[in-house]
Structure formats: C-alpha cells, structure tokens
Amino acid sequence: MSAEFILKRLAYIILTLFLISAAIFFVTQILPGNAAQMILGEHAAPGQIEELVIKLGLNRPIIVQYSDWLGGILRGDWGTSLAIGQPVLDLTLTALARSAVLAAVALILVTIVAIPLGVLAADRQGRPTDVAVSVGSYVGVSLPEFVTATLLLVIFTRPELGLFPAGGYVSIAEGGVAAFLSHLVLPAMTLTIVMTAHISRQTRSEMVEVLESDYVRTARLKGLSHRAVLWRHALPNSLLPTITIIALDVGYLIGGILVVEEVFAYPGIGRLMIFAIQNRDLPLLQCVALIISAIYAIANLIADLSYALVDRRIKYD
C-alpha cells in the first residue's frame with residue numbers, strides 16, 4: 001500500500017466533500033419557511049423580520065452566502081446556531097461524541113456476534129443451527145429500527161422489571177459508569193440486531209463458497225484441524241465482502257442512529273439533525289450534514305485500506 005494511493009484517496013475525499021458542501025448549502029437554502037421568521041416567531045412585525053434578514057446576510061446573492069460559509073469553514077468558523085445561539089461546530093461535535101460511543105458499542109457487538117454466527121451457520125450448512133441463524137437474520141432485516149426499538153422498550157422497561165431506563169442520556173461525570181452504560185444498552189441493542197442480520201448473512205454466504213474451494217480441500221488433505229481450516233484459512237478469505245458490508249453499514253448506522261436516537265431520546269447527532277430541521281436552523285443543519293458526509297467518506301477509505309490488511313495479495317498503487 002503506497003503513500004501515493006492514500007494521498008490520492010484523500011484528495012478525492014476533499015473534492016467529494018467540496019461538492020457535497022455545495023449541494024448541502026444550496027438544498028438547505030430552498031427549504032420552505034423563513035429562517036428569520038422562525039427565529040422571531042410568527043407574530044413578529046415585518047420590519048423586525050427584514051432587519052434580521054439583513055443582519056444574517058440572507059438578502060445577499062446565494063453564491064456570496066456560500067462563499068462566505070465555505071470560507072468560514074476553512075477558517076474554523078462554522079457559524080452560530082440560529083435557534084440556540086451557540087457555535088454549531090461545538091454543538092455538533094458534542095452530539096457526535098455521544099453518537100460515536102453508541103455506534104462504537106454497536107459495531108463491537110456486531111463484530112463479536114455476527115461474524116462467528118455466519119461462520120457457524122456456514123460450517124453447519126443445512127443443519128438446525130444454520131436454519132436458526134438464517135431465520136433470525138431474515139427477521140432482523142425485516143424489522144424496521146423503530147419497531148425493534150419499540151419492542152425492546154416494551155420488554156425491558158416494564159415497571160415490574162425495571163432493567164433499563166426508557167431513554168435519555170447520562171454522562172459518566174453526572175451519574176457514573178453504571179448509569180452511563182444502562183442508557184446505552186437498548187439503543188445499542190437495537191442497532192446491533194439489524195446490523196447483525198446483515199453481516200451474518202453476508203459472512204455465511206461467503207464462507208459457504210470458500211469452504212467448497214480447492215485450497216480448502218487441499219488444506220484438509222494436508223491434515224490440518226477443522227478449526228484451523230475454518231478460522232485460519234477460510235475466514236480471512238471470506239472477509240473482504242464482509243468488510244464492504246460493514247463500511248456500507250456505516251451509512252446505514254448514521255440513518256439508523258437518527259431513528260433510534262429519536263425513539264430513545266438520546267441526544268446524539270441524529271437527534272440534533274432533527275432539531276435543526278424542525279427549527280430551520282440552517283447553519284446547524286449544514287454543519288451536521290457535512291460532518292456526516294465526511295464520516296461516510298472516511299469509512300469507505302478505511303474499508304479500502306482494510307482490504308490490504310486482510311488480504312496481502314491486494315496491492316494499491
């Protein structure tokens with residue numbers, strides 16, 4: 001893997017984010033409603049609204065507004081929230097940190113659970129274990145996030161059980177580690193269920209194909225143990241499509257987090273985006289959308305780099 005390849009991909013990411021920034025800015029500008037009207041309220045006088053429009057620069061040509069916004073981003077000034085009155089970058093990074101913890105927990109659980117399940121199902125193809133994993137995967141894929149979240153709420157937050165809180169967020173500094181983790185369990189479990197279904201199916205499908213290949217038969221004929229054949233030879237060669245699915249699931253994870261955070265009142269980046277849309281807070285919405293796009297682009301770069309780590313035969317020039 002050459003440094004030239006990495007620099008080239010980073011250049012593509014920068015170009016992509018530039019195009020995305022333009023799309024985000026121009027699309028948010030044509031959203032219905034007037035930002036100044038929403039800030040001042042529906043009973044504000046026309047003169048007050050016009051004065052605020054001029055103050056915010058909303059009366060300038062849209063190209064000028066975009067140039068100023070992009071220049072501010074390059075200087076580190078992403079703007080101020082119209083609804084909250086705080087720097088949008090600070091608000092977004094705070095929410096992103098909470099969502100990152102939730103996403104990281106879900107990804108760790110998925111990796112620990114989904115890949116071994118796929119391997120187990122492929123190794124026992126056609127047996128009850130395979131059928132159970134396959135049926136469970138279909139159920140997991142078929143259930144939307146809000147349905148899964150609602151079912152978990154009904155089951156685990158019943159007063160007689162009181163196992164987990166119904167929603168919200170508590171930092172470690174405020175409530176300690178136990179309270180912090182208890183508020184993560186149900187949102188993370190919701191994301192894990194759906195992603196496990198995707199990844200276990202993909203892993204099983206690839207493992208079935210690899211286990212029937214010539215080199216696996218050769219490894220068995222050489223007297224290698226079943227475990228060595230399964231985990232040291234077959235699994236690494238079936239992981240490339242799984243890595244692709246995991247990278248693509250980052251996009252799903254972002255969309256899923258939006259729904260899950262709203263259901264569980266979890267104050268992450270998904271809920272912040274909904275707040276920005278509801279209040280037509282354009283600087284906040286633009287900041288959140290651009291950072292989410294950057295995360296997705298970087299996730300795809302990491303997936304490409306992971307290919308070379310998993311399969312040494314892949315060379316990037």
# chains A, B, ... in the order shown; residues from 1 in each chain; ligands from 1
call {"tool": "residues_around", "arguments": {"residues": "Leu272 (chain A)", "least_positions_apart": "3", "cutoff": "9 Å", "atoms": "only C-alpha atoms", "output": "PyMOL selection string"}}
result
chain A and resi 91-92+95+258+267-269+275-277+284-285+288
call {"tool": "closest_residue", "arguments": {"among": "A:Phe156, A:Tyr296, A:Phe26, A:Tyr266", "to": "Ile13 (chain A)", "atoms": "only C-alpha atoms"}}
result
A:Tyr296
call {"tool": "residues_around", "arguments": {"residues": "Ala132 (chain A)", "least_positions_apart": "4", "cutoff": "12 Å", "atoms": "only C-alpha atoms", "output": "list of chain:residue names"}}
result
A:Leu117, A:Gly118, A:Leu120, A:Ala121, A:Ala122, A:Arg124, A:Gln125, A:Gly126, A:Arg127, A:Pro128, A:Gly136, A:Ser137, A:Tyr138, A:Val139, A:Ala197, A:Ser200, A:Arg201
call {"tool": "closest_atom_pairs", "arguments": {"of": "region 94-127 of chain A", "to": "region 222-242 of chain A", "cutoff": "9 Å", "atoms": "only C-alpha atoms", "output": "CSV"}}
result
residue,atom,partner,partner_atom,distance
A:Ile115,CA,A:Thr242,CA,8.5
A:Val119,CA,A:Leu235,CA,7.5
A:Asp123,CA,A:Leu230,CA,7.9
call {"tool": "residues_around", "arguments": {"residues": "Ile63 (chain A)", "least_positions_apart": "5", "cutoff": "10 Å", "atoms": "only C-alpha atoms", "output": "number ranges by chain"}}
result
A: 22, 25-26, 68-69
call {"tool": "write_last_selection", "arguments": {"atoms": "N, CA, C and O atoms", "output": "mmCIF file, in the first residue's frame"}}
result
data_model
loop_
_atom_site.group_PDB
_atom_site.id
_atom_site.type_symbol
_atom_site.label_atom_id
_atom_site.label_comp_id
_atom_site.auth_asym_id
_atom_site.auth_seq_id
_atom_site.Cartn_x
_atom_site.Cartn_y
_atom_site.Cartn_z
ATOM 1 N N ALA A 22 -21.418 22.098 -1.404
ATOM 2 C CA ALA A 22 -22.220 22.940 -2.291
ATOM 3 C C ALA A 22 -23.654 22.430 -2.369
ATOM 4 O O ALA A 22 -24.614 23.224 -2.285
ATOM 5 N N PHE A 25 -25.477 23.182 0.931
ATOM 6 C CA PHE A 25 -25.802 24.599 1.099
ATOM 7 C C PHE A 25 -26.973 25.013 0.226
ATOM 8 O O PHE A 25 -27.925 25.639 0.701
ATOM 9 N N PHE A 26 -26.922 24.656 -1.052
ATOM 10 C CA PHE A 26 -27.969 25.120 -1.964
ATOM 11 C C PHE A 26 -29.304 24.433 -1.690
ATOM 12 O O PHE A 26 -30.361 25.057 -1.821
ATOM 13 N N ASP A 68 -18.945 32.835 1.584
ATOM 14 C CA ASP A 68 -18.662 33.234 2.966
ATOM 15 C C ASP A 68 -18.725 32.037 3.906
ATOM 16 O O ASP A 68 -17.902 31.895 4.815
ATOM 17 N N TRP A 69 -19.718 31.176 3.689
ATOM 18 C CA TRP A 69 -19.873 29.989 4.543
ATOM 19 C C TRP A 69 -18.693 29.044 4.382
ATOM 20 O O TRP A 69 -18.122 28.566 5.373
#
call {"tool": "closest_residue", "arguments": {"among": "A:Cys287, A:Ile274, A:Ile199, A:Leu15", "to": "Val110 (chain A)", "atoms": "only C-alpha atoms"}}
result
A:Ile199
call {"tool": "select_by_dssp", "arguments": {"residues": "region 41-141 of chain A", "states": "alpha helix (DSSP H)", "output": "ChimeraX atom specification"}}
result
/A:46-56,62-75,88-123,128-141
call {"tool": "residues_around", "arguments": {"residues": "Ser99 (chain A)", "least_positions_apart": "2", "cutoff": "8 Å", "atoms": "only C-alpha atoms", "output": "PyMOL selection string"}}
result
chain A and resi 95-97+101-103+257+268-270
call {"tool": "atom_distance", "arguments": {"atom1": "CA of Leu181 (chain A)", "atom2": "CA of Ala166 (chain A)"}}
result
13.0 Å
call {"tool": "closest_residue", "arguments": {"among": "A:Ala173, A:Ala188, A:His198, A:Ala294", "to": "Ser142 (chain A)", "atoms": "only C-alpha atoms"}}
result
A:His198
call {"tool": "residues_around", "arguments": {"residues": "Thr111 (chain A)", "least_positions_apart": "5", "cutoff": "9 Å", "atoms": "only C-alpha atoms", "output": "ChimeraX atom specification"}}
result
/A:106,116,196,199
call {"tool": "write_last_selection", "arguments": {"atoms": "N, CA and C atoms", "output": "tab-separated table (two decimals), in the first residue's frame"}}
result
chain	number	residue	atom	x	y	z
A	106	ALA	N	-22.18	-0.58	19.21
A	106	ALA	CA	-22.94	-1.43	18.27
A	106	ALA	C	-22.01	-2.17	17.33
A	116	PRO	N	-18.90	-14.64	13.92
A	116	PRO	CA	-18.94	-16.03	14.38
A	116	PRO	C	-20.25	-16.74	14.04
A	196	THR	N	-26.39	-7.06	12.76
A	196	THR	CA	-26.00	-8.46	12.88
A	196	THR	C	-26.67	-9.30	11.81
A	199	ILE	N	-24.76	-8.64	8.43
A	199	ILE	CA	-23.38	-9.11	8.34
A	199	ILE	C	-23.29	-10.63	8.49
call {"tool": "closest_residue", "arguments": {"among": "A:Gly72, A:Pro46, A:Gly256, A:Pro144", "to": "Pro187 (chain A)", "atoms": "only C-alpha atoms"}}
result
A:Gly256
call {"tool": "closest_residue", "arguments": {"among": "A:Ile73, A:Gly175, A:Ser205, A:Ile254", "to": "Leu191 (chain A)", "atoms": "only C-alpha atoms"}}
result
A:Ile254
